[in-house]
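Novice: I'd like to ask some things about the structure below.
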Amino acid sequence: MSLTLRTISREQHLAYIQSLPAASHMQVPGWADVKSEWRSENLGWFDKNGQMVGAGLVLYRQLPKIKRYLAYLPEGPVINWYAPNLRDWLEPMLAHLKQQGAFSVKMGPPVVIRRWDADAIKKGIADPDAKRLRDVEATFIEPRAFEVADQLRRMGWQQGEEEGAGFGDVQPRYVFQVPLEGRSLEDVHKGFNQLWRRNIKKAEKAGVEVVQGGYEDLPTWQHLYEITAVRDKFRPRPLSYFQRMWTALNSEDPNRMRLYFAVHEGEAVAAATMLIVGGHVWYSYGASANHKREVRPSNAMQWRMLRDAYALGASVYDLRGIGDSLEETDHLFGLIQFKVGTGGQAAEYLGEWDFPLNKLLHKALDMYMSRR
């Protein structure tokens, strides 16, 4: 199979993404405008008939003081990962990126290895011997994913956990998803655990209303998000980031990004952003106030977002990252506990892979990143 690779226009890239059932929101052309501090390029793969068969958004980050770049394809590229010979796809890409001045390439194959359903996770949490998700028998295993990993290793791609390779995953390797395809909304609601169903009812009784907001409501979002950042001890992104995200994504597709608020007695007490690419819908950022937690605004908001995703014909509602620890003492344990209540499933992706085009500069970056 002979494939050629070349730079394509944003229009070509977008048209290709729109022809697919779904793709990562980090592989749409508009994502380049969200990450404005990186230089970007749109790549297309073409078969011998000139038909476009794959695409990738590359973000280039310049190394301090030298004109060499880290090339990053978050949750991409969007190619046929199960192709018998991945070399045909990845070698032209590496050659092209090297020409562009890249010293190292990082990518995140959108390939799921394992899935655990809610029951399996609950059993794992109850089992004192199960410390991590990997210790629990998976409900589903994708054998082709192991072949992908083997091919990548043989080509010289490396993963963060190996000998000083890579600088850890930037995107979460474990995510939590609620499958919607072939299920009724009633099924989805029945899949919630008792606590979730009770909390949704509680919010309804208390008069919590969930509404959609627009660009002009982003400062209200930011206020709740900054309260959350203090409470959960993380560094918040500035308001300008979300404004840029809204403008970039919604000018590409008017329904790419949505904003939701849970309102109680006229006050917004929880908020979330939602991203939509084809049949894949993500809950991407969430925030809530420190008070009125007893009226369960977050449960009400998730239920509304799930229903809206369902109405859009989505095949999956993705609650994004979780930690893989099943121990209650772990700081991320609350996250998996909250998400498992939706009755969905945890999914483990292949993780991110690095290819050092220049081993010396790659090592230097590795050391620089580990010191940060």
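Identifiers for the structure tokens are assigned positionally: chains receive A, B, ... in sequence, residues are indexed from 1 per chain, and ligands are indexed from 1 in the order shown.
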Which polymer residues have any atom within 8 Å of an atom of region 96-103 of chain A, counting only C-alpha atoms, with same-chain residues fewer than 4 positions away left out, as a list in words?

Specialist: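 Using only C-alpha atoms, the neighbours found are Leu5, Tyr60, Lys67, Arg68, Tyr69, Leu70, Ala71, Pro92, Pro356, Leu357, Asn358, Lys359, Leu361 and His362 of chain A.
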
Novice: Identify all residues of region 1-43 of chain A in strand (DSSP E) (DSSP on the backbone) and supply them as JSON, numbers by chain.

Specialist: {"A": [4, 5, 6, 7, 39, 40, 41, 42, 43]}

Novice: Check region 126-193 of chain A with DSSP on the backbone and list each residue it calls alpha helix (DSSP H), as an MDAnalysis selection string.

Specialist: chainID A and resid 126 143:155 185:191

Novice: Mind writing the picked residues with C-alpha atoms as an mmCIF file, in the first residue's frame?

Specialist:
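Generated file (out_4.cif):
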data_model
loop_
_atom_site.group_PDB
_atom_site.id
_atom_site.type_symbol
_atom_site.label_atom_id
_atom_site.label_comp_id
_atom_site.auth_asym_id
_atom_site.auth_seq_id
_atom_site.Cartn_x
_atom_site.Cartn_y
_atom_site.Cartn_z
ATOM 1 C CA ALA A 126 -14.205 -3.741 47.230
ATOM 2 C CA PRO A 143 -6.249 -7.859 20.888
ATOM 3 C CA ARG A 144 -5.464 -5.612 17.902
ATOM 4 C CA ALA A 145 -4.275 -2.890 20.306
ATOM 5 C CA PHE A 146 -1.374 -5.101 21.404
ATOM 6 C CA GLU A 147 -0.392 -5.555 17.760
ATOM 7 C CA VAL A 148 -0.366 -1.781 17.337
ATOM 8 C CA ALA A 149 1.916 -1.415 20.387
ATOM 9 C CA ASP A 150 4.231 -4.148 19.040
ATOM 10 C CA GLN A 151 4.498 -2.465 15.657
ATOM 11 C CA LEU A 152 5.283 0.892 17.275
ATOM 12 C CA ARG A 153 8.038 -0.604 19.435
ATOM 13 C CA ARG A 154 9.586 -2.342 16.449
ATOM 14 C CA MET A 155 9.683 0.986 14.594
ATOM 15 C CA LEU A 185 -32.477 6.875 27.674
ATOM 16 C CA GLU A 186 -34.383 4.792 30.184
ATOM 17 C CA ASP A 187 -31.614 2.164 29.971
ATOM 18 C CA VAL A 188 -29.000 4.834 30.603
ATOM 19 C CA HIS A 189 -30.907 6.147 33.629
ATOM 20 C CA LYS A 190 -31.348 2.600 34.967
ATOM 21 C CA GLY A 191 -27.594 2.126 34.639
#

Novice: Write out, as a Markdown table, each residue of region 1-83 of chain A that has an atom at most 7 Å from region 260-282 of chain A, together with the closest pair of atoms and their distance in Å to one decimal, counting only C-alpha atoms, rows going by chain and rising number.

Specialist:
| residue | atom | partner | partner_atom | distance |
| --- | --- | --- | --- | --- |
| A:Pro21 | CA | A:Gly278 | CA | 5.6 |
| A:Ala22 | CA | A:Gly278 | CA | 4.6 |
| A:Ala23 | CA | A:Val277 | CA | 6.3 |
| A:His25 | CA | A:Val277 | CA | 6.2 |

Novice: State, in Å with one decimal place, the distance from CA of Leu63 (chain A) to CA of Arg320 (chain A).

Specialist: 29.5 Å

Novice: Mind checking which residues fall within 10 Å of Glu226 (chain A), counting only C-alpha atoms, ignoring those fewer than 2 positions away in the same chain, and posting them as a PDB file with N, CA, C and O atoms, in the first residue's frame?

Specialist:
ATOM      1  N   TRP A 221     -18.730  31.296  34.373  1.00  0.00           N
ATOM      2  CA  TRP A 221     -18.044  30.005  34.382  1.00  0.00           C
ATOM      3  C   TRP A 221     -16.706  30.137  35.095  1.00  0.00           C
ATOM      4  O   TRP A 221     -16.359  29.340  35.968  1.00  0.00           O
ATOM      5  N   GLN A 222     -15.942  31.165  34.703  1.00  0.00           N
ATOM      6  CA  GLN A 222     -14.581  31.344  35.222  1.00  0.00           C
ATOM      7  C   GLN A 222     -14.577  31.513  36.744  1.00  0.00           C
ATOM      8  O   GLN A 222     -13.721  30.967  37.438  1.00  0.00           O
ATOM      9  N   HIS A 223     -15.578  32.227  37.246  1.00  0.00           N
ATOM     10  CA  HIS A 223     -15.699  32.458  38.690  1.00  0.00           C
ATOM     11  C   HIS A 223     -15.824  31.116  39.430  1.00  0.00           C
ATOM     12  O   HIS A 223     -15.108  30.844  40.398  1.00  0.00           O
ATOM     13  N   LEU A 224     -16.709  30.243  38.933  1.00  0.00           N
ATOM     14  CA  LEU A 224     -16.914  28.925  39.560  1.00  0.00           C
ATOM     15  C   LEU A 224     -15.676  28.037  39.390  1.00  0.00           C
ATOM     16  O   LEU A 224     -15.298  27.291  40.288  1.00  0.00           O
ATOM     17  N   THR A 228     -13.228  26.262  42.230  1.00  0.00           N
ATOM     18  CA  THR A 228     -12.902  24.830  42.166  1.00  0.00           C
ATOM     19  C   THR A 228     -11.391  24.608  42.203  1.00  0.00           C
ATOM     20  O   THR A 228     -10.903  23.682  42.857  1.00  0.00           O
ATOM     21  N   ALA A 229     -10.659  25.465  41.502  1.00  0.00           N
ATOM     22  CA  ALA A 229      -9.195  25.339  41.447  1.00  0.00           C
ATOM     23  C   ALA A 229      -8.576  25.487  42.837  1.00  0.00           C
ATOM     24  O   ALA A 229      -7.666  24.742  43.209  1.00  0.00           O
ATOM     25  N   VAL A 230      -9.094  26.436  43.611  1.00  0.00           N
ATOM     26  CA  VAL A 230      -8.587  26.635  44.982  1.00  0.00           C
ATOM     27  C   VAL A 230      -8.913  25.404  45.822  1.00  0.00           C
ATOM     28  O   VAL A 230      -8.052  24.862  46.523  1.00  0.00           O
ATOM     29  N   ARG A 231     -10.162  24.923  45.702  1.00  0.00           N
ATOM     30  CA  ARG A 231     -10.599  23.778  46.502  1.00  0.00           C
ATOM     31  C   ARG A 231      -9.818  22.508  46.147  1.00  0.00           C
ATOM     32  O   ARG A 231      -9.401  21.761  47.013  1.00  0.00           O
ATOM     33  N   ASP A 232      -9.616  22.279  44.850  1.00  0.00           N
ATOM     34  CA  ASP A 232      -8.961  21.043  44.408  1.00  0.00           C
ATOM     35  C   ASP A 232      -7.460  21.204  44.151  1.00  0.00           C
ATOM     36  O   ASP A 232      -6.809  20.290  43.654  1.00  0.00           O
ATOM     37  N   PHE A 234      -5.461  23.014  41.997  1.00  0.00           N
ATOM     38  CA  PHE A 234      -4.805  22.964  40.685  1.00  0.00           C
ATOM     39  C   PHE A 234      -4.716  24.388  40.131  1.00  0.00           C
ATOM     40  O   PHE A 234      -5.387  25.295  40.641  1.00  0.00           O
ATOM     41  N   ARG A 235      -3.853  24.578  39.139  1.00  0.00           N
ATOM     42  CA  ARG A 235      -3.697  25.918  38.582  1.00  0.00           C
ATOM     43  C   ARG A 235      -4.715  26.134  37.469  1.00  0.00           C
ATOM     44  O   ARG A 235      -4.713  25.415  36.468  1.00  0.00           O
ATOM     45  N   PRO A 236      -5.613  27.110  37.636  1.00  0.00           N
ATOM     46  CA  PRO A 236      -6.674  27.284  36.639  1.00  0.00           C
ATOM     47  C   PRO A 236      -6.162  27.937  35.360  1.00  0.00           C
ATOM     48  O   PRO A 236      -5.201  28.695  35.374  1.00  0.00           O
ATOM     49  N   ARG A 237      -6.810  27.629  34.252  1.00  0.00           N
ATOM     50  CA  ARG A 237      -6.515  28.316  32.995  1.00  0.00           C
ATOM     51  C   ARG A 237      -7.198  29.679  33.047  1.00  0.00           C
ATOM     52  O   ARG A 237      -8.242  29.824  33.680  1.00  0.00           O
ATOM     53  N   PRO A 238      -6.639  30.683  32.356  1.00  0.00           N
ATOM     54  CA  PRO A 238      -7.264  32.017  32.396  1.00  0.00           C
ATOM     55  C   PRO A 238      -8.562  32.070  31.587  1.00  0.00           C
ATOM     56  O   PRO A 238      -8.787  31.229  30.707  1.00  0.00           O
ATOM     57  N   LEU A 239      -9.376  33.061  31.859  1.00  0.00           N
ATOM     58  CA  LEU A 239     -10.629  33.260  31.126  1.00  0.00           C
ATOM     59  C   LEU A 239     -10.367  33.335  29.618  1.00  0.00           C
ATOM     60  O   LEU A 239     -11.129  32.790  28.817  1.00  0.00           O
ATOM     61  N   ALA A 287     -16.970  22.639  37.043  1.00  0.00           N
ATOM     62  CA  ALA A 287     -16.713  23.557  38.162  1.00  0.00           C
ATOM     63  C   ALA A 287     -17.938  23.622  39.061  1.00  0.00           C
ATOM     64  O   ALA A 287     -19.061  23.407  38.601  1.00  0.00           O
ATOM     65  N   SER A 288     -17.717  23.909  40.346  1.00  0.00           N
ATOM     66  CA  SER A 288     -18.864  24.068  41.248  1.00  0.00           C
ATOM     67  C   SER A 288     -18.510  24.963  42.431  1.00  0.00           C
ATOM     68  O   SER A 288     -17.338  25.089  42.801  1.00  0.00           O
ATOM     69  N   ALA A 289     -19.539  25.567  42.990  1.00  0.00           N
ATOM     70  CA  ALA A 289     -19.361  26.445  44.153  1.00  0.00           C
ATOM     71  C   ALA A 289     -19.100  25.601  45.401  1.00  0.00           C
ATOM     72  O   ALA A 289     -19.305  24.382  45.389  1.00  0.00           O
TER      73      ALA A 289
END

Novice: In Å, with one decimal, what is the gap from CA of Leu249 (chain A) to CA of Tyr215 (chain A)?

Specialist: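 Computed distance, CA of Leu249 (chain A) to CA of Tyr215 (chain A), equals 11.8 Å.
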
Novice: Counting only C-alpha atoms, which of A:Lys106, A:Lys48, A:Arg10, A:Arg115 gets nearest to Glu348 (chain A)?

Specialist: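 Among A:Lys106, A:Lys48, A:Arg10, A:Arg115, it is A:Arg115 that comes nearest to Glu348 (chain A).
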
Novice: My list of candidates is A:Gly54, A:Gly323, A:Asp47, A:Tyr225. Which is closest to Leu14 (chain A) when distances are computed with only C-alpha atoms?

Specialist: A:Gly54
